[in-house]
file start16.cif (mmCIF, C-alpha atoms and all ligand atoms)
data_run
loop_
_atom_site.label_atom_id
_atom_site.label_comp_id
_atom_site.auth_asym_id
_atom_site.auth_seq_id
_atom_site.Cartn_x
_atom_site.Cartn_y
_atom_site.Cartn_z
CA MET W 18 28.59 51.97 83.24
CA ALA W 19 30.01 53.57 86.40
CA GLY W 20 28.31 56.63 87.78
CA ILE W 21 25.26 57.26 89.95
CA LYS W 22 22.24 55.02 90.26
CA ILE W 23 19.04 56.98 89.65
CA ALA W 24 15.47 56.10 90.60
CA VAL W 25 12.78 58.00 88.68
CA PHE W 26 9.35 58.33 90.29
CA ILE W 27 6.50 58.90 87.82
CA SER W 28 2.70 58.96 87.67
CA GLY W 29 1.97 59.64 84.01
CA ARG W 30 3.29 60.06 80.45
CA GLY W 31 7.00 59.87 81.37
CA SER W 32 8.37 62.41 78.87
CA ASN W 33 10.82 63.74 81.47
CA LEU W 34 11.94 60.15 82.13
CA GLU W 35 12.53 59.82 78.37
CA ALA W 36 14.56 63.06 78.35
CA ILE W 37 16.76 61.69 81.15
CA LEU W 38 17.29 58.37 79.33
CA ASP W 39 18.14 60.19 76.09
CA SER W 40 20.66 62.38 77.92
CA ILE W 41 22.26 59.28 79.46
CA ASN W 42 22.42 57.67 76.00
CA ARG W 43 24.22 60.80 74.73
CA GLU W 44 26.65 60.21 77.62
CA GLU W 45 25.90 63.65 79.09
CA ILE W 46 25.08 62.12 82.51
CA LYS W 47 27.49 59.78 84.34
CA GLY W 48 24.88 57.37 85.61
CA GLU W 49 22.03 55.03 84.88
CA VAL W 50 18.32 54.85 85.59
CA ALA W 51 18.39 51.73 87.74
CA LEU W 52 14.74 51.87 88.81
CA VAL W 53 11.39 53.41 87.86
CA ILE W 54 8.62 53.59 90.45
CA SER W 55 5.05 54.56 89.57
CA ASP W 56 2.09 55.15 91.85
CA ARG W 57 -0.22 54.60 88.85
CA LYS W 58 -0.54 51.08 87.41
CA ASP W 59 -1.51 52.42 83.97
CA ALA W 60 1.19 55.12 83.76
CA LYS W 61 2.40 55.44 80.14
CA GLY W 62 5.88 56.01 81.52
CA LEU W 63 5.93 52.47 82.91
CA GLU W 64 5.52 51.13 79.37
CA ARG W 65 8.43 53.34 78.23
CA SER W 66 10.74 52.08 80.97
CA LYS W 67 9.76 48.43 80.48
CA GLU W 68 10.42 48.80 76.73
CA ARG W 69 13.94 49.89 77.69
CA SER W 70 14.27 46.93 80.14
CA ILE W 71 14.60 49.21 83.16
CA PRO W 72 13.48 47.58 86.45
CA SER W 73 10.04 49.15 86.89
CA VAL W 74 7.57 48.74 89.72
CA TYR W 75 4.06 49.92 90.46
CA ILE W 76 3.69 50.77 94.14
CA GLY W 77 0.27 52.25 94.73
CA LYS W 78 -2.98 52.04 96.67
CA SER W 79 -4.24 48.92 94.86
CA ASN W 80 -1.22 46.75 95.67
CA TYR W 81 -0.14 48.35 98.97
CA SER W 82 -3.34 49.53 100.63
CA ASP W 83 -1.84 51.41 103.58
CA ASN W 84 0.80 54.15 103.56
CA GLU W 85 3.17 52.22 105.84
CA SER W 86 3.42 49.19 103.54
CA ARG W 87 3.89 51.50 100.52
CA VAL W 88 6.73 53.35 102.26
CA ASP W 89 8.36 50.08 103.37
CA LYS W 90 8.20 48.71 99.83
CA ILE W 91 9.63 51.90 98.31
CA LEU W 92 12.51 51.91 100.83
CA GLU W 93 13.12 48.21 100.19
CA VAL W 94 13.50 48.59 96.40
CA LEU W 95 15.59 51.79 96.76
CA GLU W 96 18.00 49.97 99.05
CA LEU W 97 18.06 46.89 96.86
CA LYS W 98 19.06 49.00 93.85
CA GLU W 99 21.56 51.07 95.92
CA ILE W 100 19.98 54.29 94.65
CA ASP W 101 22.09 57.49 94.88
CA LEU W 102 19.53 59.96 93.51
CA ILE W 103 15.73 60.01 93.42
CA VAL W 104 14.13 62.11 90.66
CA LEU W 105 10.45 63.06 90.93
CA ALA W 106 9.26 63.46 87.33
CA GLY W 107 5.54 64.15 87.46
CA TYR W 108 5.09 62.01 90.61
CA MET W 109 1.68 62.84 92.08
CA SER W 110 1.99 61.22 95.53
CA ILE W 111 3.58 63.02 98.48
CA VAL W 112 6.95 61.42 99.28
CA ASP W 113 6.79 60.21 102.88
CA THR W 114 8.88 62.15 105.42
CA SER W 115 10.82 59.00 106.34
CA ILE W 116 12.02 58.71 102.72
CA VAL W 117 12.82 62.44 102.50
CA ARG W 118 14.90 62.18 105.69
CA LYS W 119 16.68 58.97 104.63
CA TYR W 120 17.54 60.48 101.24
CA LYS W 121 18.14 64.05 102.48
CA ASN W 122 19.54 66.21 99.63
CA LYS W 123 19.33 63.19 97.31
CA ILE W 124 15.81 63.81 96.00
CA ILE W 125 15.05 66.37 93.25
CA ASN W 126 11.76 67.42 91.64
CA ILE W 127 10.78 69.18 88.40
CA HIS W 128 7.95 71.74 88.71
CA PRO W 129 6.40 73.55 85.71
CA SER W 130 6.64 77.11 87.03
CA LEU W 131 9.23 79.59 88.34
CA ILE W 132 9.08 78.66 92.04
CA PRO W 133 7.89 80.20 94.36
CA SER W 134 5.25 81.46 91.88
CA PHE W 135 2.39 79.06 91.15
CA SER W 136 3.74 76.29 93.38
CA GLY W 137 2.72 74.40 96.51
CA LYS W 138 -0.36 72.35 97.32
CA GLY W 139 -2.87 72.20 94.44
CA TYR W 140 -0.38 73.52 91.86
CA TYR W 141 0.36 70.61 89.56
CA GLY W 142 0.10 69.78 85.86
CA SER W 143 -2.31 71.94 83.82
CA PHE W 144 -3.57 73.73 86.98
CA VAL W 145 -0.23 75.55 87.08
CA HIS W 146 -0.47 76.79 83.49
CA LYS W 147 -4.14 77.79 83.91
CA ALA W 148 -3.20 79.84 87.00
CA VAL W 149 -0.35 81.49 85.04
CA LEU W 150 -2.71 82.46 82.20
CA ASP W 151 -5.49 83.57 84.57
CA TYR W 152 -3.09 85.77 86.51
CA GLY W 153 -1.73 87.33 83.34
CA VAL W 154 1.98 87.10 84.05
CA LYS W 155 4.23 87.54 80.99
CA ILE W 156 6.99 85.16 82.03
CA THR W 157 6.81 81.64 83.43
CA GLY W 158 9.08 78.61 83.19
CA ALA W 159 10.25 75.52 85.04
CA THR W 160 12.23 74.74 88.18
CA VAL W 161 14.32 71.82 89.41
CA HIS W 162 14.72 71.82 93.18
CA PHE W 163 15.80 69.57 96.03
CA VAL W 164 12.86 68.03 97.89
CA ASP W 165 12.34 68.86 101.55
CA GLU W 166 9.46 67.99 103.87
CA ASP W 167 7.02 70.46 102.31
CA THR W 168 5.61 70.84 98.79
CA ASP W 169 7.81 72.62 96.21
CA THR W 170 9.81 74.45 98.94
CA GLY W 171 13.25 72.82 98.73
CA PRO W 172 16.42 74.66 97.56
CA VAL W 173 16.37 75.60 93.88
CA ILE W 174 18.96 73.99 91.59
CA ILE W 175 18.05 75.29 88.09
CA GLN W 176 15.32 77.55 86.66
CA GLU W 177 14.60 78.56 83.08
CA ALA W 178 12.03 81.08 81.83
CA VAL W 179 9.70 81.24 78.83
CA LYS W 180 7.52 84.07 77.57
CA VAL W 181 3.72 83.88 77.88
CA PHE W 182 2.04 85.04 74.66
CA ASP W 183 -1.40 86.67 74.44
CA GLU W 184 -2.68 83.84 72.27
CA ASP W 185 -1.40 81.10 74.61
CA THR W 186 -3.69 78.33 75.81
CA VAL W 187 -3.00 75.91 78.66
CA ASP W 188 -1.97 73.39 76.00
CA SER W 189 0.41 75.65 74.05
CA LEU W 190 2.00 77.00 77.24
CA SER W 191 2.45 73.57 78.85
CA LYS W 192 4.11 72.31 75.64
CA ARG W 193 6.59 75.23 75.68
CA VAL W 194 7.36 74.74 79.37
CA LEU W 195 7.75 70.98 78.92
CA GLY W 196 10.42 71.64 76.28
CA ILE W 197 12.34 73.58 78.93
CA GLU W 198 11.80 70.83 81.51
CA HIS W 199 13.40 68.28 79.20
CA GLU W 200 16.54 70.45 79.12
CA ILE W 201 16.94 71.52 82.75
CA LEU W 202 16.11 68.21 84.48
CA PRO W 203 18.94 66.24 82.76
CA LYS W 204 21.25 69.24 83.38
CA ALA W 205 20.46 69.16 87.12
CA ILE W 206 21.07 65.40 87.26
CA LYS W 207 24.39 65.86 85.42
CA LEU W 208 25.51 68.45 88.02
CA PHE W 209 24.49 66.13 90.86
CA ALA W 210 26.25 63.15 89.24
CA GLU W 211 29.44 65.22 88.92
CA ASN W 212 29.11 66.32 92.57
CA LYS W 213 28.98 69.98 91.44
CA LEU W 214 26.12 71.08 93.72
CA VAL W 215 26.73 72.61 97.15
CA ILE W 216 23.80 73.34 99.48
CA GLU W 217 24.35 76.21 101.95
CA GLY W 218 21.18 76.58 104.01
CA ARG W 219 18.54 76.97 101.34
CA ILE W 220 20.92 78.20 98.64
CA VAL W 221 22.34 75.82 96.02
CA LYS W 222 25.73 76.87 94.65
CA ARG W 223 27.85 75.32 91.89
CA ARG W 224 31.25 73.80 92.66
CA ASP W 225 33.81 74.15 89.78
C1 LIG W 301 5.67 67.77 84.09
O1 LIG W 301 5.12 68.92 83.53
C2 LIG W 301 6.25 68.09 85.46
O2 LIG W 301 6.76 69.40 85.59
C3 LIG W 301 5.05 67.94 86.33
O3 LIG W 301 4.35 66.82 85.82
C4 LIG W 301 4.61 66.73 84.41
C5 LIG W 301 5.08 65.31 84.11
O4 LIG W 301 5.21 65.12 82.75
N1 LIG W 301 5.39 67.80 87.73
P1 LIG W 301 5.84 63.76 82.17
O5 LIG W 301 5.08 62.62 82.80
O6 LIG W 301 7.30 63.73 82.56
O7 LIG W 301 5.65 63.85 80.71
#

call {"tool": "encode", "arguments": {"input": "start16.cif", "output": "structure tokens"}}
result
Amino acid sequence: MAGIKIAVFISGRGSNLEAILDSINREEIKGEVALVISDRKDAKGLERSKERSIPSVYIGKSNYSDNESRVDKILEVLELKEIDLIVLAGYMSIVDTSIVRKYKNKIINIHPSLIPSFSGKGYYGSFVHKAVLDYGVKITGATVHFVDEDTDTGPVIIQEAVKVFDEDTVDSLSKRVLGIEHEILPKAIKLFAENKLVIEGRIVKRRD
């Protein structure tokens, strides 16, 4: 299938990876997931990708002890697979600056809040939803953004909001936000694959 070659970086369950694969199967995205990289050997998402016969590699501290060898290995497999777009889908490691520079404006991340709220260092997974509930905001959501050399600060591609209800728990809220993530991440990839995103400074605009 022609289209873009996507690498998905994961650390855990892989439900966003699944949403991308389902969207590709529905032929909504012109592309293929040509590679899955995990920094966790036991990531559930690795099982999902192997079940679907997607080339999947664990590159983490136990098989590449120092950062330099990990970065070299990641760059090696990205080049080998001729990757056009890197998608961070619950990837817990910081992507090295050398990779961010080599793949400038070709790396996107999904974050479970309306950036810039509840984002940056320390804001990941359930910590985000706990902070949302503790603060008492009435609206939250999810964001897909390009990755730059800082945490959660790159230009925003898509955001979608959800209400926060009085009876919400971290679990109920994260489930509602995850539902939104599974919609906006494939949408952002579709726009990238169709070359419909224009970056002007830190603003992302849509090309017709
Ligand atoms: C998602 O909530 C994502 O926003 C966050 O990590 C979680 C990954 O979930 N960065 P999954 O592994 O895709 O199910």

call {"tool": "atom_distance", "arguments": {"input": "start16.cif", "atom1": "atom CA of Asn212 of chain W", "atom2": "atom CA of Leu52 of chain W"}}
result
20.7 Å

call {"tool": "atom_distance", "arguments": {"input": "start16.cif", "atom1": "atom CA of Arg57 of chain W", "atom2": "atom CA of Ile175 of chain W"}}
result
27.6 Å

call {"tool": "residues_near_ligand", "arguments": {"input": "start16.cif", "ligand": "ligand LIG 301 (chain W)", "cutoff": "7 Å", "atoms": "only C-alpha atoms and all ligand atoms", "output": "PyMOL selection string"}}
result
chain W and resi 27-34+62+106-108+127-129+141-142+195+198

call {"tool": "closest_residue", "arguments": {"input": "start16.cif", "among": "W:Thr157, W:Thr114, W:Ser136, W:Ser189", "to": "Asp169 of chain W", "atoms": "all atoms listed in the file"}}
result
W:Ser136

call {"tool": "atom_distance", "arguments": {"input": "start16.cif", "atom1": "atom CA of Ser55 of chain W", "atom2": "atom CA of Lys67 of chain W"}}
result
11.9 Å

call {"tool": "closest_residue", "arguments": {"input": "start16.cif", "among": "W:Ile174, W:Val194, W:Val74, W:Leu202", "to": "Leu38 of chain W", "atoms": "only C-alpha atoms"}}
result
W:Leu202

call {"tool": "residues_around", "arguments": {"input": "start16.cif", "residues": "segment 145-149 of chain W", "least_positions_apart": "5", "cutoff": "8 Å", "atoms": "all atoms listed in the file", "output": "compact mmCIF listing (two decimals) with C-alpha atoms, in the coordinates of the input"}}
result
# COMPACT_ATOMS: atom_id res chain seq x y z
CA PRO W 129 6.40 73.55 85.71
CA SER W 130 6.64 77.11 87.03
CA PHE W 135 2.39 79.06 91.15
CA SER W 136 3.74 76.29 93.38
CA TYR W 140 -0.38 73.52 91.86
CA VAL W 154 1.98 87.10 84.05
CA THR W 157 6.81 81.64 83.43
CA VAL W 187 -3.00 75.91 78.66
CA LEU W 190 2.00 77.00 77.24
CA SER W 191 2.45 73.57 78.85

call {"tool": "residues_around", "arguments": {"input": "start16.cif", "residues": "Asp165 of chain W", "least_positions_apart": "6", "cutoff": "8 Å", "atoms": "all atoms listed in the file", "output": "ChimeraX atom specification"}}
result
/W:117,121-122,171

call {"tool": "closest_residue", "arguments": {"input": "start16.cif", "among": "W:Lys204, W:Lys123, W:Arg87, W:Lys222", "to": "Ile21 of chain W", "atoms": "all atoms listed in the file"}}
result
W:Lys123

call {"tool": "residues_around", "arguments": {"input": "start16.cif", "residues": "Lys119 of chain W", "least_positions_apart": "2", "cutoff": "12 Å", "atoms": "only C-alpha atoms", "output": "list in words"}}
result
Val88, Ile91, Leu92, Leu95, Glu96, Ile100, Asp101, Leu102, Ile103, Val112, Asp113, Thr114, Ser115, Ile116, Val117, Lys121, Asn122, Lys123, Ile124, Val164, Asp165 and Glu166 of chain W

call {"tool": "closest_residue", "arguments": {"input": "start16.cif", "among": "W:Glu217, W:Ser79, W:Pro203, W:Leu131", "to": "Glu177 of chain W", "atoms": "all atoms listed in the file"}}
result
W:Leu131
